[in-house]
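What follows is a single structure, written as structure tokens, with notes after it.
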Amino acid sequence: MTYMAIPNIGNYTIALATAVESLGIKAWASTATTPEALKLGIAAAPESVCLPLKAHLGHFIEADRAGVEYAFMVNSVGTCRLRYYRHMIERILKDLGLKIKIFGLGFDGFKPPIVRHFDPGPITFLKPLFHTALKIKIIDALEAAAWRTRAIEIIPGNTTLVMNTLLVELSESKTMARTRAIRKKVAGCFAEIPVDKEKKPLRVGLVGEISFLRDKCLNKNIEYILGSQGIEPRNFFLLGEELKNITRIVFLNQNRRKYLSKIADRYLQSTVGGHALDSVAHSIRCADEGYDGMIHLCPSGCMPEVSVRPILKRVSKDKDIPILEMSYDEHTCGVGISTRLEAFADVLMERRKKNSSLSHRGERAMNR
Amino acid sequence: MIKRLQKSAGVYIDTGNKFLKNISSEWMGKSGANSRSSLRIGIPRMFFYYIYPNLWETFFRELGMKPIVSMPSTTKTVEKASRISETEHCLPNKLFDAHLAELVGNVDMVFVPRVLSTIKNHLSCPKFGPLPDAARADIARGTEVLSIDIDETRRPLSKTLLLLGTKLNIQKSKTLSAIQSSFSAMESANKKMVRPDKKKGEPRFLLIGHPYTIHDNFIAGPILNKLESMGVEVELMSFADDTPAKSYILWSTANKIYHTINALSREEYDGVIQLTVFNCGCDSMMMDTYRHILKEKNVPYLYLMVDEHSAQSGMDTRVEAFIDSLRWRQ
């Protein structure tokens, strides 16, 4: 059986594996970069490149050692370093003497090279693609439900358990019918979890670089830590939304970025590259919607994200919303991250108490 | 399909028209400058100052303004930079913030263009994108920030300058003559940088890097001094206007370095020294490629990284060791 290694984008890797099966081969992937893979990547890559490259590289080296022949890497058309990832990874793997062949998503003619190479029939190719789209939709819904319930669950760990069971079922589902059944089940499964309905959790938006928003190993499981602190996070990278935007750009010539750039216009008048504009725009939106705080994640030295940090600081001052800036490198450890998040949660809690007591006083004064 | 995606993926917002409202006669009165001739415009000695040598001072002087360029960067600039700038910026960006802070308060207006691309169909470093916005948000807050989008893919530089003149409410004929004289000033500045042909028997090195690193006083100064004192001739890489052929690299400087390295031969240069700065994204990605090409050509290659804490003695040791090893080889 031929295998293909695919990059990790969190739980969405499950859906991508289905897409790879459309080519008549099996996927070799995990939903989070393993620490071993990261170690391999750090050893092989130049020291000053960003951490996502090291994670991808390590993943592919690990795949090659496991005997995987092909790998697949996302392409970027942007201004940041992601554009050169594939080229660099290919070169490093060649230097190491590894034989794994990497495909991009580029078009050179009617069919992408990856499809031409395996050349599946139209039915075997198209059906799994629709299946993938459905799975991505379900994972989007799962993520959103997990953020909400984890913050108010009574028995800690219940939500993660339910989510993991559903994800395992989803990855094992090979037919559309079964996947649709899972889709119907999702809402019920989450409703069964005992929750404290009176509790009003703190709401925090997560913005920043995509692989850090998605990969649990790289961001040290930030969503789980926040949830166990009683914070409801909202992660602003959902693959379903992102793909919807791309199809809109290609077929309808509509871009969501235009809407975001309108929001961010007062602070940032350029798209910069990567998800820097999204970070600024979502921070402004969250401040207006009454979120308690924002967390900005990026690898240390990320070109677009770091360059908008002075602007984020200004947004934080103007809109009165705390923004925690977190940058990760090879030496970041989970305990350090959880300490910082706990401190941030305490600050937010105190802020909320102070604000509510202030508003109470205001109401009382009005009543008099 | 990809082409179309590229085109629409970058939403383009021209900040130009907005500026027309900003610079009005009211504002001129508010800032205390009673006429345009006494309007002091600050130009930070970083990034675009080195990318377009001599252009900006000449242009604003010809328009009848008073351009004030910040002093060359020294260790004091770096100290200030580490105090006021974002901790994770690359060194030139930190220095830029310090230069800007030096100007703020001494000038009526600072000039920070948004350099999106300097060569047609190429991109510049993504850090240039939010530069004027970051200046407005943080360091140059309270000071008027004059900005214009320099995007060679969309319009040539001369048109951008013409637009800048319109925004400053200056007659078209005056702007046109200013553009001509500033272009010739830039050309002569570029010509000055070109060194004469190699003399036989003497070692000669090529220094590659971004225009704002190889010409900066703090970053390149100590290394150039050391090489000079050792009697080694160094040629700084030239960025004079000629469009490089397309390659897989879209960053304009990186592509230019790539083509320069591809074209050079062992007879011309005895070695290549790459000057890079801490946290530079472009260099971190391209360094490997450069090393590969030069290894194939059998040209010695030294990679020097400068950061806030780099000391003269450390650089001296590395440069000396490199030159000595080359002498033994001969």
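Within each chain, counting starts at residue 1; across the structure tokens, chains are named A, B, ... in the order shown, with ligands numbered 1 upward in that order.
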
Kindly assemble as CSV a list of the chain A residues that lie within 8 Å of chain B, each paired with its nearest atom pair and their distance in Å to one decimal, using only C-alpha atoms, sorted first by chain and then by ascending residue number.
residue,atom,partner,partner_atom,distance
A:Pro46,CA,B:Ser284,CA,7.3
A:Ser48,CA,B:Ser284,CA,5.5
A:Val49,CA,B:Ser284,CA,5.4
A:Val77,CA,B:Gln6,CA,6.2
A:Gly78,CA,B:Gln6,CA,7.9
A:Thr79,CA,B:Pro126,CA,5.9
A:Cys80,CA,B:Pro126,CA,6.3
A:Arg81,CA,B:Gly281,CA,7.1
A:Tyr84,CA,B:Met285,CA,7.5
A:Met88,CA,B:Met285,CA,7.5
A:Gly106,CA,B:Ile2,CA,7.6
A:Phe107,CA,B:Ile2,CA,7.0
A:Ile249,CA,B:Leu5,CA,6.6
A:Val250,CA,B:Leu5,CA,6.0
A:Asn253,CA,B:Ser8,CA,7.1
A:Asn255,CA,B:Ala9,CA,7.3
A:Arg257,CA,B:Val11,CA,6.9
A:Lys258,CA,B:Val11,CA,6.2
A:Tyr267,CA,B:Asp133,CA,6.3
A:Leu268,CA,B:Asp133,CA,5.6
A:Gln269,CA,B:Ile13,CA,6.5
A:Ser270,CA,B:Gly129,CA,6.0
A:Thr271,CA,B:Val11,CA,6.6
A:Val272,CA,B:Gly129,CA,4.9
A:Gly273,CA,B:Pro126,CA,6.3
A:Ser300,CA,B:Glu88,CA,7.1
A:Gly301,CA,B:Glu88,CA,5.9
A:Cys302,CA,B:Gly281,CA,7.7
A:Met303,CA,B:Lys127,CA,6.2
A:Pro304,CA,B:Pro126,CA,5.9
A:Val306,CA,B:Glu88,CA,6.6
A:Ser307,CA,B:Lys127,CA,5.6
A:Val308,CA,B:Pro130,CA,6.4
A:Arg309,CA,B:Glu86,CA,7.5
A:Pro310,CA,B:Ala134,CA,5.6
A:Ile311,CA,B:Ala134,CA,5.5
A:Arg314,CA,B:Ala137,CA,5.8

Dump N, CA and C atoms for the selected residues as a compact mmCIF listing (two decimals), in the first residue's frame?
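The resulting file, out_35.txt, is reproduced below:
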# COMPACT_ATOMS: atom_id res chain seq x y z
N PRO A 46 17.97 25.11 9.35
CA PRO A 46 18.80 26.23 9.80
C PRO A 46 18.19 26.82 11.07
N SER A 48 17.65 29.85 12.31
CA SER A 48 16.82 31.04 12.46
C SER A 48 15.51 31.00 11.68
N VAL A 49 15.17 29.89 11.05
CA VAL A 49 13.87 29.82 10.37
C VAL A 49 12.77 29.61 11.40
N VAL A 77 0.55 31.73 -1.60
CA VAL A 77 0.81 32.76 -2.61
C VAL A 77 1.11 34.09 -1.92
N GLY A 78 1.37 34.04 -0.64
CA GLY A 78 1.51 35.27 0.13
C GLY A 78 2.92 35.82 0.12
N THR A 79 3.17 36.76 1.05
CA THR A 79 4.45 37.45 1.08
C THR A 79 5.39 36.84 2.11
N CYS A 80 4.91 35.96 2.96
CA CYS A 80 5.75 35.54 4.08
C CYS A 80 6.54 34.29 3.75
N ARG A 81 7.21 33.76 4.75
CA ARG A 81 8.16 32.67 4.54
C ARG A 81 7.50 31.37 4.09
N TYR A 84 8.11 29.73 0.66
CA TYR A 84 9.33 29.02 0.28
C TYR A 84 9.51 27.72 1.05
N MET A 88 12.39 24.77 0.41
CA MET A 88 13.43 24.57 1.42
C MET A 88 13.40 23.15 1.97
N GLY A 106 0.17 23.29 -6.48
CA GLY A 106 0.17 24.22 -7.61
C GLY A 106 -0.48 23.64 -8.85
N PHE A 107 -0.90 24.53 -9.74
CA PHE A 107 -1.46 24.13 -11.02
C PHE A 107 -0.45 24.43 -12.10
N ILE A 249 -13.10 33.58 -3.46
CA ILE A 249 -12.15 34.39 -4.22
C ILE A 249 -12.05 33.86 -5.64
N VAL A 250 -11.96 32.52 -5.77
CA VAL A 250 -11.73 31.92 -7.08
C VAL A 250 -12.97 32.05 -7.97
N ASN A 253 -15.03 36.04 -6.97
CA ASN A 253 -14.21 37.23 -6.84
C ASN A 253 -14.64 38.09 -5.64
N ASN A 255 -13.89 38.61 -1.52
CA ASN A 255 -12.87 38.28 -0.53
C ASN A 255 -13.28 38.82 0.83
N ARG A 257 -11.37 39.25 3.22
CA ARG A 257 -10.34 40.18 3.69
C ARG A 257 -10.76 41.63 3.46
N LYS A 258 -11.55 41.86 2.41
CA LYS A 258 -11.99 43.23 2.13
C LYS A 258 -12.80 43.76 3.30
N TYR A 267 -6.45 51.43 11.86
CA TYR A 267 -5.16 51.06 12.44
C TYR A 267 -4.18 50.52 11.42
N LEU A 268 -4.69 49.81 10.42
CA LEU A 268 -3.80 49.13 9.48
C LEU A 268 -4.38 49.25 8.09
N GLN A 269 -3.61 49.83 7.17
CA GLN A 269 -4.15 50.04 5.83
C GLN A 269 -3.47 49.17 4.79
N SER A 270 -2.91 48.05 5.23
CA SER A 270 -2.27 47.14 4.29
C SER A 270 -2.61 45.71 4.72
N THR A 271 -2.60 44.78 3.75
CA THR A 271 -2.91 43.40 4.15
C THR A 271 -1.71 42.71 4.78
N VAL A 272 -0.53 43.28 4.64
CA VAL A 272 0.73 42.78 5.22
C VAL A 272 1.12 41.40 4.68
N GLY A 273 0.30 40.40 4.93
CA GLY A 273 0.67 39.04 4.55
C GLY A 273 0.36 38.12 5.70
N SER A 300 8.25 32.74 17.35
CA SER A 300 9.13 33.88 17.59
C SER A 300 9.76 34.33 16.28
N GLY A 301 9.66 35.62 15.97
CA GLY A 301 10.23 36.16 14.75
C GLY A 301 9.37 36.01 13.53
N CYS A 302 8.09 35.67 13.70
CA CYS A 302 7.18 35.55 12.55
C CYS A 302 7.08 36.90 11.85
N MET A 303 7.35 36.92 10.54
CA MET A 303 7.49 38.23 9.87
C MET A 303 6.23 39.09 9.94
N PRO A 304 5.07 38.63 9.44
CA PRO A 304 3.89 39.52 9.47
C PRO A 304 3.33 39.76 10.87
N VAL A 306 4.70 39.64 13.94
CA VAL A 306 5.49 40.48 14.84
C VAL A 306 5.41 41.94 14.41
N SER A 307 5.36 42.17 13.07
CA SER A 307 5.39 43.55 12.61
C SER A 307 4.10 44.31 12.94
N VAL A 308 3.00 43.62 13.23
CA VAL A 308 1.78 44.35 13.60
C VAL A 308 1.60 44.48 15.11
N ARG A 309 2.58 44.00 15.87
CA ARG A 309 2.43 44.06 17.32
C ARG A 309 2.28 45.47 17.89
N PRO A 310 3.05 46.47 17.40
CA PRO A 310 2.82 47.83 17.90
C PRO A 310 1.39 48.28 17.67
N ILE A 311 0.79 47.84 16.55
CA ILE A 311 -0.59 48.22 16.25
C ILE A 311 -1.55 47.53 17.22
N ARG A 314 -1.66 49.35 20.40
CA ARG A 314 -2.48 50.56 20.30
C ARG A 314 -3.96 50.21 20.38

Considering only C-alpha atoms, return as a PyMOL selection string whatever protein or nucleic-acid residues lie within 10 Å of A:Ala287, sequence-local ones (same chain, fewer than 6 positions apart) excluded. chain A and resi 205+281+293-294+315-316+318-322

DSSP helix (DSSP H, G or I) residues within stretch 97-304 of chain B, as a VMD selection string: chain B and resid 97 to 103 126 to 128 131 to 137 157 to 167 172 to 193 211 to 214 221 to 229 252 to 263 281 to 297

Need to verify the contact set: B:Val110, 6 Å, only C-alpha atoms, exclusion of same-chain residues closer than 3 positions in sequence. Can you return it as a PyMOL selection string? chain B and resi 41-42+145-146

One decimal, in Å: what's the spacing between atom CA of A:Ile222 and atom CA of A:Ile193?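 It comes out at 21.4 Å.
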
At what distance in Å, to one decimal, does atom CA of B:Gln312 lie from atom CA of B:Glu235?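 Computing it gives 20.5 Å between the two atoms.
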
Neighbour list for stretch 1-10 of chain A as a count of residues only, cut-off 9 Å, only C-alpha atoms, skip fewer than 6 positions in-chain: 36
